[in-house]
file start-v9.pdb (PDB, C-alpha atoms)
ATOM      1  CA  MET Q 958     -18.473  65.795  29.257
ATOM      2  CA  GLU Q 959     -15.479  63.982  27.811
ATOM      3  CA  SER Q 960     -16.562  64.725  24.281
ATOM      4  CA  ALA Q 961     -17.002  68.376  25.083
ATOM      5  CA  THR Q 962     -13.600  68.498  26.718
ATOM      6  CA  THR Q 963     -12.018  66.742  23.789
ATOM      7  CA  GLY Q 964     -13.619  69.155  21.365
ATOM      8  CA  GLY Q 965     -12.443  72.126  23.363
ATOM      9  CA  VAL Q 966      -8.872  70.816  23.567
ATOM     10  CA  SER Q 967      -8.716  70.095  19.841
ATOM     11  CA  ALA Q 968     -10.137  73.448  18.855
ATOM     12  CA  ALA Q 969      -7.619  75.489  20.835
ATOM     13  CA  PRO Q 970      -4.476  74.359  18.942
ATOM     14  CA  THR Q 971      -6.262  74.951  15.648
ATOM     15  CA  GLU Q 972      -6.998  78.530  16.591
ATOM     16  CA  ASP Q 973      -3.390  78.998  17.738
ATOM     17  CA  LEU Q 974      -2.075  77.682  14.420
ATOM     18  CA  GLN Q 975      -4.354  79.972  12.444
ATOM     19  CA  SER Q 976      -3.368  83.004  14.497
ATOM     20  CA  SER Q 977       0.335  82.177  14.227
ATOM     21  CA  GLY Q 978       0.016  81.581  10.483
ATOM     22  CA  SER Q 979      -1.729  84.893   9.942
ATOM     23  CA  SER Q 980       0.831  86.739  12.061
ATOM     24  CA  SER Q 981       3.733  85.137  10.190
ATOM     25  CA  SER Q 982       2.296  85.902   6.762
ATOM     26  CA  SER Q 983       1.340  89.498   7.502
ATOM     27  CA  PRO Q 984       4.892  90.942   7.141
ATOM     28  CA  ALA Q 985       5.320  89.225   3.772
ATOM     29  CA  ASP Q 986       1.948  90.538   2.628
ATOM     30  CA  ALA Q 987       2.889  94.029   3.754
ATOM     31  CA  VAL Q 988       6.160  93.899   1.835
ATOM     32  CA  SER Q 989       4.441  92.594  -1.309
ATOM     33  CA  ARG Q 990       1.796  95.312  -1.074
ATOM     34  CA  LEU Q 991       4.509  97.932  -0.650
ATOM     35  CA  ILE Q 992       6.444  96.654  -3.655
ATOM     36  CA  HIS Q 993       3.264  96.571  -5.727
ATOM     37  CA  ALA Q 994       2.386 100.135  -4.708
ATOM     38  CA  VAL Q 995       5.893 101.364  -5.594
ATOM     39  CA  GLU Q 996       5.741  99.633  -8.979
ATOM     40  CA  GLN Q 997       2.331 101.136  -9.695
ATOM     41  CA  ARG Q 998       3.575 104.596  -8.734
ATOM     42  CA  GLN Q 999       6.659 104.197 -10.901
ATOM     43  CA  GLN Q1000       4.594 103.029 -13.861
ATOM     44  CA  HIS Q1001       2.194 105.953 -13.374
ATOM     45  CA  LEU Q1002       5.070 108.432 -13.458
ATOM     46  CA  LEU Q1003       6.541 106.783 -16.547
ATOM     47  CA  ASP Q1004       3.181 106.902 -18.314
ATOM     48  CA  LYS Q1005       2.958 110.635 -17.631
ATOM     49  CA  THR Q1006       6.339 111.197 -19.321
ATOM     50  CA  VAL Q1007       5.378 109.424 -22.568
ATOM     51  CA  PRO Q1008       4.173 112.516 -24.507
ATOM     52  CA  HIS Q1009       7.090 114.707 -23.338
ATOM     53  CA  VAL Q1010       9.701 113.374 -25.743
ATOM     54  CA  LEU Q1011      12.018 116.371 -25.668
ATOM     55  CA  TYR Q1012      12.110 116.633 -21.875
ATOM     56  CA  ARG Q1013      12.685 112.895 -21.555
ATOM     57  CA  TRP Q1014      15.753 113.005 -23.770
ATOM     58  CA  ILE Q1015      17.062 116.109 -22.001
ATOM     59  CA  ALA Q1016      16.813 114.186 -18.727
ATOM     60  CA  CYS Q1017      18.577 111.268 -20.397
ATOM     61  CA  LEU Q1018      21.443 113.520 -21.483
ATOM     62  CA  CYS Q1019      21.729 114.805 -17.916
ATOM     63  CA  VAL Q1020      22.002 111.246 -16.583
ATOM     64  CA  VAL Q1021      24.654 110.408 -19.176
ATOM     65  CA  LEU Q1022      26.574 113.576 -18.314
ATOM     66  CA  ILE Q1023      26.497 112.742 -14.590
ATOM     67  CA  TYR Q1024      27.850 109.271 -15.311
ATOM     68  CA  PHE Q1025      30.739 110.527 -17.440
ATOM     69  CA  VAL Q1026      31.611 113.196 -14.884
ATOM     70  CA  ARG Q1027      31.766 110.457 -12.250
ATOM     71  CA  VAL Q1028      34.029 108.291 -14.431
ATOM     72  CA  TYR Q1029      36.232 111.273 -15.242
ATOM     73  CA  LEU Q1030      36.657 112.222 -11.598
ATOM     74  CA  VAL Q1031      37.502 108.731 -10.362
ATOM     75  CA  GLU Q1032      39.596 107.963 -13.471
ATOM     76  CA  GLY Q1033      38.518 104.357 -13.620
ATOM     77  CA  PHE Q1034      35.687 101.889 -14.239
ATOM     78  CA  TYR Q1035      36.382 101.970 -17.981
ATOM     79  CA  ILE Q1036      35.252  98.374 -18.342
ATOM     80  CA  ILE Q1037      31.779  99.429 -17.153
ATOM     81  CA  THR Q1038      31.714 102.192 -19.760
ATOM     82  CA  TYR Q1039      32.715  99.693 -22.440
ATOM     83  CA  ALA Q1040      29.933  97.309 -21.372
ATOM     84  CA  ILE Q1041      27.399 100.149 -21.479
ATOM     85  CA  GLY Q1042      28.643 101.059 -24.957
ATOM     86  CA  ILE Q1043      28.117  97.501 -26.214
ATOM     87  CA  TYR Q1044      24.647  97.472 -24.669
ATOM     88  CA  LEU Q1045      23.782 100.803 -26.308
ATOM     89  CA  LEU Q1046      24.944  99.472 -29.654
ATOM     90  CA  ASN Q1047      22.502  96.572 -29.346
ATOM     91  CA  LEU Q1048      19.739  99.018 -28.419
ATOM     92  CA  ILE Q1049      20.476 101.164 -31.481
ATOM     93  CA  ILE Q1050      20.273  98.154 -33.781
ATOM     94  CA  ALA Q1051      16.948  97.111 -32.255
ATOM     95  CA  PHE Q1052      15.702 100.711 -32.544
ATOM     96  CA  LEU Q1053      16.573 100.907 -36.250
ATOM     97  CA  SER Q1054      15.285  97.420 -37.115
ATOM     98  CA  PRO Q1055      11.686  96.682 -38.150
ATOM     99  CA  GLN Q1056       9.446  94.638 -35.922
ATOM    100  CA  ASP Q1057       8.653  92.149 -38.674
ATOM    101  CA  ASP Q1058      11.385  90.134 -40.331
ATOM    102  CA  PRO Q1059      11.920  91.510 -43.867
ATOM    103  CA  GLU Q1060      12.638  88.057 -45.293
ATOM    104  CA  ALA Q1061       9.368  86.706 -43.891
ATOM    105  CA  SER Q1062       7.527  89.764 -45.226
ATOM    106  CA  LEU Q1063       8.918  89.195 -48.706
ATOM    107  CA  THR Q1064       7.917  85.531 -48.730
ATOM    108  CA  THR Q1065       4.387  86.323 -47.550
ATOM    109  CA  GLY Q1066       3.985  89.173 -50.019
ATOM    110  CA  GLY Q1067       4.236  92.046 -47.497
ATOM    111  CA  THR Q1068       6.642  94.936 -47.841
ATOM    112  CA  LEU Q1069       8.199  97.351 -45.428
ATOM    113  CA  PRO Q1070       7.046 100.991 -45.545
ATOM    114  CA  THR Q1071       9.138 103.268 -47.742
ATOM    115  CA  ARG Q1072       8.909 106.939 -48.617
ATOM    116  CA  GLY Q1073       7.333 106.273 -51.981
ATOM    117  CA  SER Q1074       4.785 103.664 -51.003
ATOM    118  CA  ASP Q1075       2.435 102.870 -48.129
ATOM    119  CA  GLU Q1076       2.234 106.570 -47.272
ATOM    120  CA  TYR Q1077      -0.119 105.980 -44.356
ATOM    121  CA  ARG Q1078       1.800 103.034 -42.924
ATOM    122  CA  PRO Q1079       4.222 104.025 -40.149
ATOM    123  CA  PHE Q1080       7.483 102.271 -39.458
ATOM    124  CA  VAL Q1081       7.046  99.837 -36.554
ATOM    125  CA  ARG Q1082      10.291  99.318 -34.676
ATOM    126  CA  ARG Q1083      11.512  96.229 -32.919
ATOM    127  CA  LEU Q1084      12.354  98.464 -29.945
ATOM    128  CA  PRO Q1085       9.937 101.407 -29.506
ATOM    129  CA  GLU Q1086      11.255 104.864 -28.743
ATOM    130  CA  PHE Q1087      10.036 104.909 -25.139
ATOM    131  CA  LYS Q1088      11.621 101.552 -24.291
ATOM    132  CA  PHE Q1089      14.779 102.692 -26.065
ATOM    133  CA  TRP Q1090      14.928 105.779 -23.841
ATOM    134  CA  LEU Q1091      14.083 103.861 -20.682
ATOM    135  CA  SER Q1092      16.723 101.217 -21.373
ATOM    136  CA  ILE Q1093      19.401 103.890 -21.797
ATOM    137  CA  ILE Q1094      18.382 105.543 -18.525
ATOM    138  CA  ARG Q1095      18.502 102.239 -16.648
ATOM    139  CA  ALA Q1096      21.859 101.287 -18.151
ATOM    140  CA  PHE Q1097      23.560 104.492 -17.019
ATOM    141  CA  VAL Q1098      21.897 104.453 -13.591
ATOM    142  CA  ILE Q1099      23.093 100.881 -13.012
ATOM    143  CA  GLY Q1100      26.544 101.788 -14.331
ATOM    144  CA  PHE Q1101      26.688 104.824 -12.039
ATOM    145  CA  THR Q1102      25.789 102.640  -9.064
ATOM    146  CA  MET Q1103      28.484 100.102  -9.976
ATOM    147  CA  THR Q1104      31.164 102.818  -9.879
ATOM    148  CA  PHE Q1105      30.867 102.855  -6.086
ATOM    149  CA  PHE Q1106      32.170  99.277  -5.840
ATOM    150  CA  GLU Q1107      35.902  98.864  -6.260
ATOM    151  CA  VAL Q1108      35.537  95.275  -7.481
ATOM    152  CA  PHE Q1109      34.372  96.604 -10.864
ATOM    153  CA  ASP Q1110      37.387  98.904 -11.259
ATOM    154  CA  VAL Q1111      39.374  96.567 -13.495
ATOM    155  CA  PRO Q1112      42.687  98.104 -14.652
ATOM    156  CA  VAL Q1113      42.588  98.405 -18.426
ATOM    157  CA  PHE Q1114      44.051 100.670 -21.101
ATOM    158  CA  TRP Q1115      40.967 102.680 -22.101
ATOM    159  CA  PRO Q1116      42.152 103.748 -25.627
ATOM    160  CA  ILE Q1117      42.109 100.074 -26.650
ATOM    161  CA  LEU Q1118      38.514  99.694 -25.463
ATOM    162  CA  LEU Q1119      37.574 102.884 -27.308
ATOM    163  CA  PHE Q1120      39.216 101.613 -30.503
ATOM    164  CA  TYR Q1121      37.411  98.273 -30.227
ATOM    165  CA  TRP Q1122      34.055  99.990 -29.695
ATOM    166  CA  VAL Q1123      34.518 102.387 -32.623
ATOM    167  CA  MET Q1124      35.420  99.505 -34.945
ATOM    168  CA  LEU Q1125      32.460  97.462 -33.731
ATOM    169  CA  PHE Q1126      30.148 100.452 -34.181
ATOM    170  CA  PHE Q1127      31.397 101.047 -37.716
ATOM    171  CA  LEU Q1128      31.021  97.410 -38.773
ATOM    172  CA  THR Q1129      27.598  97.036 -37.166
ATOM    173  CA  MET Q1130      26.178 100.221 -38.665
ATOM    174  CA  ARG Q1131      27.547  99.325 -42.098
ATOM    175  CA  LYS Q1132      25.756  95.996 -41.883
ATOM    176  CA  GLN Q1133      22.569  97.746 -40.764
ATOM    177  CA  ILE Q1134      22.716 100.221 -43.649
ATOM    178  CA  GLN Q1135      23.261  97.382 -46.097
ATOM    179  CA  HIS Q1136      20.212  95.676 -44.620
ATOM    180  CA  MET Q1137      18.141  98.853 -45.158
ATOM    181  CA  ILE Q1138      19.280  99.124 -48.767
ATOM    182  CA  LYS Q1139      18.675  95.453 -49.480
ATOM    183  CA  TYR Q1140      15.088  95.439 -48.199
ATOM    184  CA  ARG Q1141      14.358  99.066 -49.141
ATOM    185  CA  TYR Q1142      13.060 100.511 -45.902
ATOM    186  CA  VAL Q1143      13.642 103.706 -43.983
ATOM    187  CA  PRO Q1144      13.607 103.414 -40.172
ATOM    188  CA  PHE Q1145      11.817 106.747 -39.743
ATOM    189  CA  SER Q1146       8.385 108.142 -40.516
ATOM    190  CA  PHE Q1147       9.605 111.535 -41.729
ATOM    191  CA  GLY Q1148       8.026 112.627 -45.003
ATOM    192  CA  LYS Q1149       5.116 110.211 -44.741
ATOM    193  CA  GLN Q1150       1.561 111.473 -44.749
ATOM    194  CA  GLN Q1151      -0.616 111.116 -41.680
ATOM    195  CA  TYR Q1152      -4.320 110.821 -41.102
ATOM    196  CA  GLY Q1153      -6.000 114.192 -40.754
ATOM    197  CA  LYS Q1154      -3.610 115.976 -43.130
ATOM    198  CA  LYS Q1155      -5.210 116.647 -46.477
ATOM    199  CA  PRO Q1156      -2.984 116.443 -49.552
ATOM    200  CA  ALA Q1157      -2.442 119.540 -51.623
ATOM    201  CA  PRO Q1158      -5.018 120.117 -54.412
ATOM    202  CA  ALA Q1159      -4.088 119.153 -57.928
ATOM    203  CA  ALA Q1160      -4.431 122.757 -59.128
ATOM    204  CA  GLU Q1161      -1.914 124.031 -56.618
ATOM    205  CA  SER Q1162       0.499 121.209 -57.368
ATOM    206  CA  SER Q1163       0.313 121.898 -61.107
ATOM    207  CA  GLU Q1164       1.101 125.563 -60.516
TER     208      GLU Q1164
END

call {"tool": "encode", "arguments": {"input": "start-v9.pdb", "output": "structure tokens"}}
result
Amino acid sequence: MESATTGGVSAAPTEDLQSSGSSSSSPADAVSRLIHAVEQRQQHLLDKTVPHVLYRWIACLCVVLIYFVRVYLVEGFYIITYAIGIYLLNLIIAFLSPQDDPEASLTTGGTLPTRGSDEYRPFVRRLPEFKFWLSIIRAFVIGFTMTFFEVFDVPVFWPILLFYWVMLFFLTMRKQIQHMIKYRYVPFSFGKQQYGKKPAPAAESSE
């Protein structure tokens, strides 16, 4: 009898602990499942927009226009605009740069694709076009959200920031163009042949 009573007393707290543990972890599990479902839905919608390049960039221009209208109306938050401009400049450099380091390619014997050689080899970017577009969208959405907080409205003379950004853009793009000329690569695939497109016959080319 005592052993049975002891077993019954010891089993009851164990069941209470398990029930309390499951009840306490259920809200966290529900939140994690909700976040996971939202992320999956967002990724699904982004995947559907991949082939629609033109519509994606039109939507991007609309987001940019909304941001600048907001900044124009409030007449402030120029420091946020300057930070977005610096971030966009870094994105442009990554978009125009090859994925592989040209110096490493030269030492290993590889070359970057040019218009006159490697006609079936596309240019592989460090930052793909879709990530480039998505990063711009996120930057302006975050910047638009920050314009609703007065703490980010730092008083500054905006022509100075514009002058600094233009100078930085000019110097950075000049360095990028010099890099393209030095390693002889074109950051676009225009003019390169693709699989499935037959070259013109020799007879037609001679005519």

call {"tool": "atom_distance", "arguments": {"input": "start-v9.pdb", "atom1": "CA of Thr1038 in chain Q", "atom2": "CA of Leu1018 in chain Q"}}
result
15.4 Å

call {"tool": "resolve_selection", "arguments": {"input": "start-v9.pdb", "expression": "the PyMOL selection byres ((chain Q and resi 1027) around 12)", "output": "mmCIF file with C-alpha atoms, keeping the file's coordinate frame"}}
result
data_model
loop_
_atom_site.group_PDB
_atom_site.id
_atom_site.type_symbol
_atom_site.label_atom_id
_atom_site.label_comp_id
_atom_site.auth_asym_id
_atom_site.auth_seq_id
_atom_site.Cartn_x
_atom_site.Cartn_y
_atom_site.Cartn_z
ATOM 1 C CA VAL Q 1020 22.002 111.246 -16.583
ATOM 2 C CA VAL Q 1021 24.654 110.408 -19.176
ATOM 3 C CA LEU Q 1022 26.574 113.576 -18.314
ATOM 4 C CA ILE Q 1023 26.497 112.742 -14.590
ATOM 5 C CA TYR Q 1024 27.850 109.271 -15.311
ATOM 6 C CA PHE Q 1025 30.739 110.527 -17.440
ATOM 7 C CA VAL Q 1026 31.611 113.196 -14.884
ATOM 8 C CA VAL Q 1028 34.029 108.291 -14.431
ATOM 9 C CA TYR Q 1029 36.232 111.273 -15.242
ATOM 10 C CA LEU Q 1030 36.657 112.222 -11.598
ATOM 11 C CA VAL Q 1031 37.502 108.731 -10.362
ATOM 12 C CA GLU Q 1032 39.596 107.963 -13.471
ATOM 13 C CA GLY Q 1033 38.518 104.357 -13.620
ATOM 14 C CA PHE Q 1034 35.687 101.889 -14.239
ATOM 15 C CA TYR Q 1035 36.382 101.970 -17.981
ATOM 16 C CA THR Q 1038 31.714 102.192 -19.760
ATOM 17 C CA PHE Q 1097 23.560 104.492 -17.019
ATOM 18 C CA VAL Q 1098 21.897 104.453 -13.591
ATOM 19 C CA GLY Q 1100 26.544 101.788 -14.331
ATOM 20 C CA PHE Q 1101 26.688 104.824 -12.039
ATOM 21 C CA THR Q 1102 25.789 102.640 -9.064
ATOM 22 C CA MET Q 1103 28.484 100.102 -9.976
ATOM 23 C CA THR Q 1104 31.164 102.818 -9.879
ATOM 24 C CA PHE Q 1105 30.867 102.855 -6.086
#

call {"tool": "atom_distance", "arguments": {"input": "start-v9.pdb", "atom1": "CA of Gln1000 in chain Q", "atom2": "CA of Ser1054 in chain Q"}}
result
26.2 Å

call {"tool": "closest_residue", "arguments": {"input": "start-v9.pdb", "among": "Q:Glu1086, Q:Val1143, Q:Phe1127, Q:Val1113", "to": "Val1010 in chain Q", "atoms": "only C-alpha atoms"}}
result
Q:Glu1086

call {"tool": "atom_distance", "arguments": {"input": "start-v9.pdb", "atom1": "CA of Phe1145 in chain Q", "atom2": "CA of Leu1053 in chain Q"}}
result
8.3 Å

call {"tool": "resolve_selection", "arguments": {"input": "start-v9.pdb", "expression": "the PyMOL selection byres ((chain Q and resi 1094) around 10)", "output": "PDB file with C-alpha atoms, keeping the file's coordinate frame"}}
result
ATOM      1  CA  ARG Q1013      12.685 112.895 -21.555  1.00  0.00           C
ATOM      2  CA  TRP Q1014      15.753 113.005 -23.770  1.00  0.00           C
ATOM      3  CA  ALA Q1016      16.813 114.186 -18.727  1.00  0.00           C
ATOM      4  CA  CYS Q1017      18.577 111.268 -20.397  1.00  0.00           C
ATOM      5  CA  LEU Q1018      21.443 113.520 -21.483  1.00  0.00           C
ATOM      6  CA  CYS Q1019      21.729 114.805 -17.916  1.00  0.00           C
ATOM      7  CA  VAL Q1020      22.002 111.246 -16.583  1.00  0.00           C
ATOM      8  CA  VAL Q1021      24.654 110.408 -19.176  1.00  0.00           C
ATOM      9  CA  LYS Q1088      11.621 101.552 -24.291  1.00  0.00           C
ATOM     10  CA  PHE Q1089      14.779 102.692 -26.065  1.00  0.00           C
ATOM     11  CA  TRP Q1090      14.928 105.779 -23.841  1.00  0.00           C
ATOM     12  CA  LEU Q1091      14.083 103.861 -20.682  1.00  0.00           C
ATOM     13  CA  SER Q1092      16.723 101.217 -21.373  1.00  0.00           C
ATOM     14  CA  ILE Q1093      19.401 103.890 -21.797  1.00  0.00           C
ATOM     15  CA  ARG Q1095      18.502 102.239 -16.648  1.00  0.00           C
ATOM     16  CA  ALA Q1096      21.859 101.287 -18.151  1.00  0.00           C
ATOM     17  CA  PHE Q1097      23.560 104.492 -17.019  1.00  0.00           C
ATOM     18  CA  VAL Q1098      21.897 104.453 -13.591  1.00  0.00           C
ATOM     19  CA  ILE Q1099      23.093 100.881 -13.012  1.00  0.00           C
ATOM     20  CA  GLY Q1100      26.544 101.788 -14.331  1.00  0.00           C
TER      21      GLY Q1100
END

call {"tool": "resolve_selection", "arguments": {"input": "start-v9.pdb", "expression": "the PyMOL selection byres ((chain Q and resi 1046) around 12)", "output": "list in words"}}
result
Tyr1039, Ala1040, Ile1041, Gly1042, Ile1043, Tyr1044, Leu1045, Asn1047, Leu1048, Ile1049, Ile1050, Ala1051, Phe1052, Leu1053, Phe1089, Ser1092, Ile1093, Trp1122, Val1123, Met1124, Leu1125, Phe1126, Phe1127, Leu1128, Thr1129, Met1130 and Gln1133 of chain Q

call {"tool": "build_atoms", "arguments": {"input": "start-v9.pdb", "residues": "range 1078-1104 of chain Q", "atoms": "N, CA, C and O atoms", "output": "mmCIF file, in the frame of the given file"}}
result
data_model
loop_
_atom_site.group_PDB
_atom_site.id
_atom_site.type_symbol
_atom_site.label_atom_id
_atom_site.label_comp_id
_atom_site.auth_asym_id
_atom_site.auth_seq_id
_atom_site.Cartn_x
_atom_site.Cartn_y
_atom_site.Cartn_z
ATOM 1 N N ARG Q 1078 1.340 104.145 -43.752
ATOM 2 C CA ARG Q 1078 1.800 103.034 -42.924
ATOM 3 C C ARG Q 1078 3.071 103.424 -42.189
ATOM 4 O O ARG Q 1078 4.114 103.591 -42.799
ATOM 5 N N PRO Q 1079 3.026 103.601 -40.886
ATOM 6 C CA PRO Q 1079 4.222 104.025 -40.149
ATOM 7 C C PRO Q 1079 5.218 102.885 -39.999
ATOM 8 O O PRO Q 1079 4.888 101.714 -40.150
ATOM 9 N N PHE Q 1080 6.436 103.262 -39.692
ATOM 10 C CA PHE Q 1080 7.483 102.271 -39.458
ATOM 11 C C PHE Q 1080 7.371 101.757 -38.029
ATOM 12 O O PHE Q 1080 7.444 102.535 -37.068
ATOM 13 N N VAL Q 1081 7.188 100.462 -37.869
ATOM 14 C CA VAL Q 1081 7.046 99.837 -36.554
ATOM 15 C C VAL Q 1081 8.403 99.251 -36.173
ATOM 16 O O VAL Q 1081 8.912 98.362 -36.854
ATOM 17 N N ARG Q 1082 8.964 99.729 -35.088
ATOM 18 C CA ARG Q 1082 10.291 99.318 -34.676
ATOM 19 C C ARG Q 1082 10.250 98.059 -33.830
ATOM 20 O O ARG Q 1082 9.252 97.754 -33.184
ATOM 21 N N ARG Q 1083 11.375 97.356 -33.829
ATOM 22 C CA ARG Q 1083 11.512 96.229 -32.919
ATOM 23 C C ARG Q 1083 11.597 96.712 -31.483
ATOM 24 O O ARG Q 1083 11.079 96.072 -30.562
ATOM 25 N N LEU Q 1084 12.264 97.849 -31.265
ATOM 26 C CA LEU Q 1084 12.354 98.464 -29.945
ATOM 27 C C LEU Q 1084 11.742 99.859 -30.029
ATOM 28 O O LEU Q 1084 12.317 100.748 -30.640
ATOM 29 N N PRO Q 1085 10.569 100.084 -29.432
ATOM 30 C CA PRO Q 1085 9.937 101.407 -29.506
ATOM 31 C C PRO Q 1085 10.789 102.485 -28.866
ATOM 32 O O PRO Q 1085 11.705 102.224 -28.074
ATOM 33 N N GLU Q 1086 10.460 103.727 -29.209
ATOM 34 C CA GLU Q 1086 11.255 104.864 -28.743
ATOM 35 C C GLU Q 1086 11.252 104.980 -27.225
ATOM 36 O O GLU Q 1086 12.292 105.258 -26.609
ATOM 37 N N PHE Q 1087 10.109 104.759 -26.586
ATOM 38 C CA PHE Q 1087 10.036 104.909 -25.139
ATOM 39 C C PHE Q 1087 10.879 103.846 -24.428
ATOM 40 O O PHE Q 1087 11.610 104.147 -23.479
ATOM 41 N N LYS Q 1088 10.811 102.603 -24.894
ATOM 42 C CA LYS Q 1088 11.621 101.552 -24.291
ATOM 43 C C LYS Q 1088 13.104 101.781 -24.579
ATOM 44 O O LYS Q 1088 13.963 101.445 -23.746
ATOM 45 N N PHE Q 1089 13.401 102.343 -25.731
ATOM 46 C CA PHE Q 1089 14.779 102.692 -26.065
ATOM 47 C C PHE Q 1089 15.323 103.719 -25.081
ATOM 48 O O PHE Q 1089 16.434 103.578 -24.542
ATOM 49 N N TRP Q 1090 14.532 104.747 -24.809
ATOM 50 C CA TRP Q 1090 14.928 105.779 -23.841
ATOM 51 C C TRP Q 1090 15.049 105.207 -22.434
ATOM 52 O O TRP Q 1090 16.032 105.480 -21.728
ATOM 53 N N LEU Q 1091 14.074 104.410 -22.035
ATOM 54 C CA LEU Q 1091 14.083 103.861 -20.682
ATOM 55 C C LEU Q 1091 15.260 102.906 -20.471
ATOM 56 O O LEU Q 1091 15.875 102.885 -19.394
ATOM 57 N N SER Q 1092 15.593 102.134 -21.489
ATOM 58 C CA SER Q 1092 16.723 101.217 -21.373
ATOM 59 C C SER Q 1092 18.043 101.962 -21.227
ATOM 60 O O SER Q 1092 18.934 101.543 -20.468
ATOM 61 N N ILE Q 1093 18.181 103.077 -21.928
ATOM 62 C CA ILE Q 1093 19.401 103.890 -21.797
ATOM 63 C C ILE Q 1093 19.504 104.467 -20.394
ATOM 64 O O ILE Q 1093 20.578 104.452 -19.770
ATOM 65 N N ILE Q 1094 18.386 104.982 -19.873
ATOM 66 C CA ILE Q 1094 18.382 105.543 -18.525
ATOM 67 C C ILE Q 1094 18.794 104.481 -17.511
ATOM 68 O O ILE Q 1094 19.650 104.705 -16.635
ATOM 69 N N ARG Q 1095 18.193 103.311 -17.599
ATOM 70 C CA ARG Q 1095 18.502 102.239 -16.648
ATOM 71 C C ARG Q 1095 19.954 101.794 -16.754
ATOM 72 O O ARG Q 1095 20.597 101.509 -15.723
ATOM 73 N N ALA Q 1096 20.481 101.726 -17.969
ATOM 74 C CA ALA Q 1096 21.859 101.287 -18.151
ATOM 75 C C ALA Q 1096 22.836 102.233 -17.458
ATOM 76 O O ALA Q 1096 23.759 101.798 -16.750
ATOM 77 N N PHE Q 1097 22.631 103.537 -17.625
ATOM 78 C CA PHE Q 1097 23.560 104.492 -17.019
ATOM 79 C C PHE Q 1097 23.346 104.615 -15.511
ATOM 80 O O PHE Q 1097 24.315 104.870 -14.778
ATOM 81 N N VAL Q 1098 22.124 104.435 -15.041
ATOM 82 C CA VAL Q 1098 21.897 104.453 -13.591
ATOM 83 C C VAL Q 1098 22.573 103.247 -12.932
ATOM 84 O O VAL Q 1098 23.230 103.371 -11.880
ATOM 85 N N ILE Q 1099 22.429 102.079 -13.546
ATOM 86 C CA ILE Q 1099 23.093 100.881 -13.012
ATOM 87 C C ILE Q 1099 24.613 101.033 -13.082
ATOM 88 O O ILE Q 1099 25.339 100.686 -12.140
ATOM 89 N N GLY Q 1100 25.105 101.566 -14.213
ATOM 90 C CA GLY Q 1100 26.544 101.788 -14.331
ATOM 91 C C GLY Q 1100 27.063 102.787 -13.303
ATOM 92 O O GLY Q 1100 28.146 102.603 -12.736
ATOM 93 N N PHE Q 1101 26.292 103.846 -13.050
ATOM 94 C CA PHE Q 1101 26.688 104.824 -12.039
ATOM 95 C C PHE Q 1101 26.744 104.195 -10.651
ATOM 96 O O PHE Q 1101 27.652 104.478 -9.858
ATOM 97 N N THR Q 1102 25.789 103.328 -10.362
ATOM 98 C CA THR Q 1102 25.789 102.640 -9.064
ATOM 99 C C THR Q 1102 26.985 101.701 -8.939
ATOM 100 O O THR Q 1102 27.596 101.588 -7.861
ATOM 101 N N MET Q 1103 27.358 101.039 -10.024
ATOM 102 C CA MET Q 1103 28.484 100.102 -9.976
ATOM 103 C C MET Q 1103 29.819 100.801 -9.765
ATOM 104 O O MET Q 1103 30.790 100.172 -9.323
ATOM 105 N N THR Q 1104 29.900 102.111 -10.074
ATOM 106 C CA THR Q 1104 31.164 102.818 -9.879
ATOM 107 C C THR Q 1104 31.501 103.040 -8.416
ATOM 108 O O THR Q 1104 32.603 103.526 -8.109
#
